[in-house]
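J.: Sharing a structure, written as structure tokens. Questions coming.
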Amino acid sequence: MSEIRRPLHPADANKGPGIKQFLAFERQNLVRGTMSGNNRSGKTVELIGSSAFEEAFQEKVRNRRWAVALVTAGISLVGLWLMFDVLGAGGWTTLKVVEVLLFGLLFTSLSFGFSQAFLGFLVLAEGHEPLKITNTLDQETPLASTAVVMPVYNEDAETVFGSIRSLYDSLQERGELDSFDFYILSDSTDPSKAVEEELGWADICRQTNGFGKIHYRRRKLPVNRKSGNIADFCRRWGHRHRYMIVLDADSIMTSWTRTAL
């Protein structure tokens with residue numbers, strides 16, 4: 001399994017590789033004619049100085065922005081033309097003009113979203129993306145503190161803590177457990193479910209020696225349901241962590257995927 005790139009800790013933001021290392025990284029790929037991660041090679045590309053590469057990089061960014069703008073404009077104009085054709089057949093009124101204006105704003109927004117998704121799909125299909133933000137991350141920088149949050153509401157306790165145990169063990173095997181804390185946030189109203197949750201939490205903590213790493217909290221009143229549950233966690237404990245990953249009770253995610261996030 002290839003080693004992932006680690007997100008920067010806020011304290012090390014100024015020590016990170018930034019755009020200069022990113023440019024050097026991509027320049028090295030181009031010079032070698034190698035596309036990272038795909039084992040694809042090509043002719044050696046000769047580059048004269050870093051300034052030439054930076055100029056090529058900026059040109060690539062500009063071309064993509066123009067592509068998004070042109071596709072968005074094209075789709076929007078076609079939609080407006082069809083709308084004009086439909087509404088104009090019976091004559092124009094003030095209400096129809098307002099309708100066309102509102103349609104233009106909303107349809108342009110939809111076109112913009114589609115353009116980004118479509119062009120992004122083409123980039124992914126190409127197999128090599130030199131502008132990925134992960135290229136600017138330093139592999140040597142430790143993972144920042146991350147909260148794994150699981151809000152539950154009258155769920156099966158065995159399923160909930162089975163998922164937590166599986167993830168806990170896999171992170172421990174990878175040597176990355178110190179960067180993660182687990183929070184089971186209960187809004188359960190069924191007393192029997194609440195008892196099962198408390199027993200399940202105590203069992204998993206004893207089995208893994210996870211006291212202080214696996215936390216359980218049950219609210220007396222489930223105000224605003226799941227969103228209120230998460231908001232309460234952020235107010236009380238959010239300051240302890242840089243990142244937060246929210247899972248459903250039946251979520252299944254590998255430790256590699258979680259660390260990559």
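In the structure tokens, chains take letters A, B, ... by order of appearance, with residues numbered from 1 within each chain and ligands from 1 in the order shown.
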Tell me, as a list in words, which residues lie within 10 Å of Ile230 in chain A, counting only C-alpha atoms; anything in the same chain fewer than 4 positions away does not count.
T.: Val149, Met150, Pro151, Leu185, Asn224, Arg225, Lys226, Cys234, Arg235, Gly238 and Val246 of chain A
J.: Can you write out the residues you just picked, keeping C-alpha atoms, as a compact mmCIF listing (two decimals), in the first residue's frame?
T.:
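Everything below was put into selection.txt:
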# COMPACT_ATOMS: atom_id res chain seq x y z
CA VAL A 149 -17.90 11.59 15.47
CA MET A 150 -20.81 9.14 15.34
CA PRO A 151 -24.27 10.49 16.27
CA LEU A 185 -22.96 11.11 20.55
CA ASN A 224 -32.68 19.69 16.79
CA ARG A 225 -31.97 15.99 16.36
CA LYS A 226 -28.79 15.06 14.46
CA CYS A 234 -18.66 21.41 18.21
CA ARG A 235 -19.50 23.94 20.92
CA GLY A 238 -14.63 21.22 18.84
CA VAL A 246 -18.89 12.49 10.90
J.: Write out as a PyMOL selection string each polymer residue whose atoms come within 12 Å of range 107-120 of chain A, counting only C-alpha atoms; drop sequence neighbours fewer than 3 positions from it.
T.: chain A and resi 63-83+99-104+123-129+131-132
J.: Contacts of Ser186 in chain A at 7 Å or less, counting only C-alpha atoms, minus same-chain residues fewer than 5 places along, as an NGL selection string?
T.: :A and (151-153 or 217-219)
J.: Where does DSSP see alpha helix (DSSP H) in range 215-255 of chain A, if you list the residues as a PyMOL selection string?
T.: chain A and resi 225-237+255
J.: Could you please take those selected residues and save all heavy atoms as a tab-separated table (two decimals), in the first residue's frame?
T.:
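Contents of again_9.tsv, as written:
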chain	number	residue	atom	x	y	z
A	225	ARG	N	-32.33	17.31	16.87
A	225	ARG	CA	-31.97	15.99	16.36
A	225	ARG	C	-30.49	15.89	16.00
A	225	ARG	O	-29.62	16.30	16.76
A	225	ARG	CB	-32.87	15.65	15.18
A	225	ARG	CG	-34.35	15.60	15.58
A	225	ARG	CD	-35.23	15.10	14.47
A	225	ARG	NE	-36.62	15.07	14.88
A	225	ARG	CZ	-37.60	14.62	14.12
A	225	ARG	NH1	-37.35	14.17	12.89
A	225	ARG	NH2	-38.84	14.61	14.57
A	226	LYS	N	-30.18	15.34	14.81
A	226	LYS	CA	-28.79	15.06	14.46
A	226	LYS	C	-27.97	16.34	14.33
A	226	LYS	O	-26.83	16.40	14.82
A	226	LYS	CB	-28.74	14.26	13.15
A	226	LYS	CG	-27.34	13.83	12.77
A	226	LYS	CD	-27.38	12.94	11.54
A	226	LYS	CE	-25.99	12.47	11.15
A	226	LYS	NZ	-26.03	11.57	9.97
A	227	SER	N	-28.51	17.35	13.66
A	227	SER	CA	-27.76	18.60	13.49
A	227	SER	C	-27.49	19.26	14.84
A	227	SER	O	-26.40	19.80	15.08
A	227	SER	CB	-28.53	19.56	12.58
A	227	SER	OG	-29.80	19.88	13.14
A	228	GLY	N	-28.46	19.20	15.74
A	228	GLY	CA	-28.25	19.75	17.07
A	228	GLY	C	-27.23	18.96	17.86
A	228	GLY	O	-26.46	19.53	18.65
A	229	ASN	N	-27.19	17.65	17.64
A	229	ASN	CA	-26.23	16.79	18.30
A	229	ASN	C	-24.80	17.17	17.89
A	229	ASN	O	-23.91	17.32	18.73
A	229	ASN	CB	-26.51	15.34	17.92
A	229	ASN	CG	-25.92	14.35	18.92
A	229	ASN	OD1	-25.21	14.71	19.83
A	229	ASN	ND2	-26.24	13.08	18.73
A	230	ILE	N	-24.59	17.33	16.58
A	230	ILE	CA	-23.27	17.72	16.08
A	230	ILE	C	-22.90	19.12	16.55
A	230	ILE	O	-21.75	19.40	16.92
A	230	ILE	CB	-23.24	17.64	14.55
A	230	ILE	CG1	-23.49	16.20	14.07
A	230	ILE	CG2	-21.91	18.15	14.01
A	230	ILE	CD1	-22.43	15.22	14.51
A	231	ALA	N	-23.87	20.04	16.51
A	231	ALA	CA	-23.60	21.42	16.93
A	231	ALA	C	-23.19	21.47	18.40
A	231	ALA	O	-22.29	22.22	18.79
A	231	ALA	CB	-24.83	22.28	16.69
A	232	ASP	N	-23.84	20.66	19.23
A	232	ASP	CA	-23.50	20.62	20.65
A	232	ASP	C	-22.06	20.11	20.84
A	232	ASP	O	-21.32	20.63	21.67
A	232	ASP	CB	-24.49	19.70	21.38
A	232	ASP	CG	-24.19	19.61	22.86
A	232	ASP	OD1	-24.45	20.57	23.59
A	232	ASP	OD2	-23.67	18.55	23.29
A	233	PHE	N	-21.68	19.09	20.06
A	233	PHE	CA	-20.32	18.59	20.14
A	233	PHE	C	-19.31	19.67	19.75
A	233	PHE	O	-18.28	19.84	20.42
A	233	PHE	CB	-20.14	17.38	19.23
A	233	PHE	CG	-18.71	17.00	19.00
A	233	PHE	CD1	-18.01	16.28	19.96
A	233	PHE	CD2	-18.06	17.39	17.83
A	233	PHE	CE1	-16.68	15.96	19.75
A	233	PHE	CE2	-16.73	17.05	17.63
A	233	PHE	CZ	-16.04	16.34	18.59
A	234	CYS	N	-19.59	20.38	18.67
A	234	CYS	CA	-18.66	21.41	18.21
A	234	CYS	C	-18.49	22.52	19.24
A	234	CYS	O	-17.38	23.03	19.44
A	234	CYS	CB	-19.15	21.99	16.88
A	234	CYS	SG	-19.05	20.83	15.49
A	235	ARG	N	-19.59	22.89	19.90
A	235	ARG	CA	-19.50	23.94	20.92
A	235	ARG	C	-18.68	23.48	22.12
A	235	ARG	O	-17.87	24.25	22.67
A	235	ARG	CB	-20.90	24.35	21.38
A	235	ARG	CG	-21.66	25.22	20.41
A	235	ARG	CD	-22.89	25.81	21.07
A	235	ARG	NE	-23.81	24.78	21.54
A	235	ARG	CZ	-24.82	24.30	20.82
A	235	ARG	NH1	-25.02	24.75	19.60
A	235	ARG	NH2	-25.62	23.37	21.30
A	236	ARG	N	-18.85	22.24	22.54
A	236	ARG	CA	-18.21	21.76	23.77
A	236	ARG	C	-16.79	21.24	23.56
A	236	ARG	O	-15.91	21.50	24.38
A	236	ARG	CB	-19.07	20.64	24.39
A	236	ARG	CG	-20.44	21.09	24.88
A	236	ARG	CD	-21.27	19.90	25.30
A	236	ARG	NE	-22.59	20.29	25.75
A	236	ARG	CZ	-22.91	20.52	27.03
A	236	ARG	NH1	-21.98	20.42	27.96
A	236	ARG	NH2	-24.14	20.86	27.36
A	237	TRP	N	-16.57	20.51	22.46
A	237	TRP	CA	-15.28	19.84	22.30
A	237	TRP	C	-14.58	20.14	20.97
A	237	TRP	O	-13.49	19.64	20.73
A	237	TRP	CB	-15.47	18.32	22.41
A	237	TRP	CG	-15.98	17.90	23.75
A	237	TRP	CD1	-15.27	17.87	24.93
A	237	TRP	CD2	-17.30	17.46	24.06
A	237	TRP	NE1	-16.07	17.43	25.94
A	237	TRP	CE2	-17.33	17.17	25.45
A	237	TRP	CE3	-18.47	17.28	23.32
A	237	TRP	CZ2	-18.47	16.72	26.09
A	237	TRP	CZ3	-19.61	16.83	23.95
A	237	TRP	CH2	-19.60	16.56	25.32
A	255	SER	N	-9.43	2.53	7.45
A	255	SER	CA	-8.56	3.49	8.11
A	255	SER	C	-7.73	4.27	7.10
A	255	SER	O	-7.43	5.45	7.29
A	255	SER	CB	-7.64	2.76	9.09
A	255	SER	OG	-6.85	1.80	8.42
J.: Hey, what's within 12 Å of range 206-209 of chain A if we count only C-alpha atoms and toss same-chain stuff fewer than 2 positions away? As a ChimeraX atom specification, please?
T.: /A:161,164-169,172,177,199-204,211-214
J.: Keeping only C-alpha atoms, write those residues as a PDB file, in the first residue's frame.
T.:
ATOM      1  CA  PHE A 161     -19.391  -0.255  18.696  1.00  0.00           C
ATOM      2  CA  ILE A 164     -15.800   1.769  16.154  1.00  0.00           C
ATOM      3  CA  ARG A 165     -13.747  -1.250  17.236  1.00  0.00           C
ATOM      4  CA  SER A 166     -12.903  -2.196  13.669  1.00  0.00           C
ATOM      5  CA  LEU A 167     -11.701   1.314  12.855  1.00  0.00           C
ATOM      6  CA  TYR A 168      -9.836   1.646  16.158  1.00  0.00           C
ATOM      7  CA  ASP A 169      -7.911  -1.585  15.557  1.00  0.00           C
ATOM      8  CA  GLN A 172      -3.702   1.133  15.701  1.00  0.00           C
ATOM      9  CA  LEU A 177      -4.177   6.042  16.436  1.00  0.00           C
ATOM     10  CA  LEU A 199     -22.411  -1.101  28.451  1.00  0.00           C
ATOM     11  CA  GLY A 200     -21.040  -1.280  24.922  1.00  0.00           C
ATOM     12  CA  TRP A 201     -18.861   1.776  25.518  1.00  0.00           C
ATOM     13  CA  ALA A 202     -17.502   0.357  28.775  1.00  0.00           C
ATOM     14  CA  ASP A 203     -16.749  -2.987  27.107  1.00  0.00           C
ATOM     15  CA  ILE A 204     -14.883  -1.520  24.141  1.00  0.00           C
ATOM     16  CA  PHE A 211     -10.429   5.205  28.045  1.00  0.00           C
ATOM     17  CA  GLY A 212      -9.567   8.754  27.059  1.00  0.00           C
ATOM     18  CA  LYS A 213      -9.675   7.891  23.329  1.00  0.00           C
ATOM     19  CA  ILE A 214     -13.230   6.585  22.957  1.00  0.00           C
TER      20      ILE A 214
END
J.: Please indicate the distance in Å from CA of Val223 in chain A to CA of Tyr183 in chain A, rounded to one decimal place.
T.: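 Rounded to one decimal, the two atoms are 18.1 Å apart.
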J.: Suppose you want the space between CA of Thr159 in chain A and CA of Asp250 in chain A; what is it in Å?
T.: 7.0 Å
J.: In terms of the shortest atom-to-atom distance over only C-alpha atoms, which of A:Arg240, A:Val195, A:Lys220, A:Asp156 is closest to Phe180 in chain A?
T.: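 Ranking A:Arg240, A:Val195, A:Lys220, A:Asp156 by distance to Phe180 in chain A, first place goes to A:Arg240.
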J.: Measuring atom to atom with only C-alpha atoms, identify which of A:Ala56, A:Val148, A:Leu221, A:Val98 is nearest to Leu171 in chain A.
T.: A:Val148
J.: Could you tell me how far CA of Asp190 in chain A lies from CA of Ser163 in chain A, in Å and to one decimal?
T.: 21.1 Å
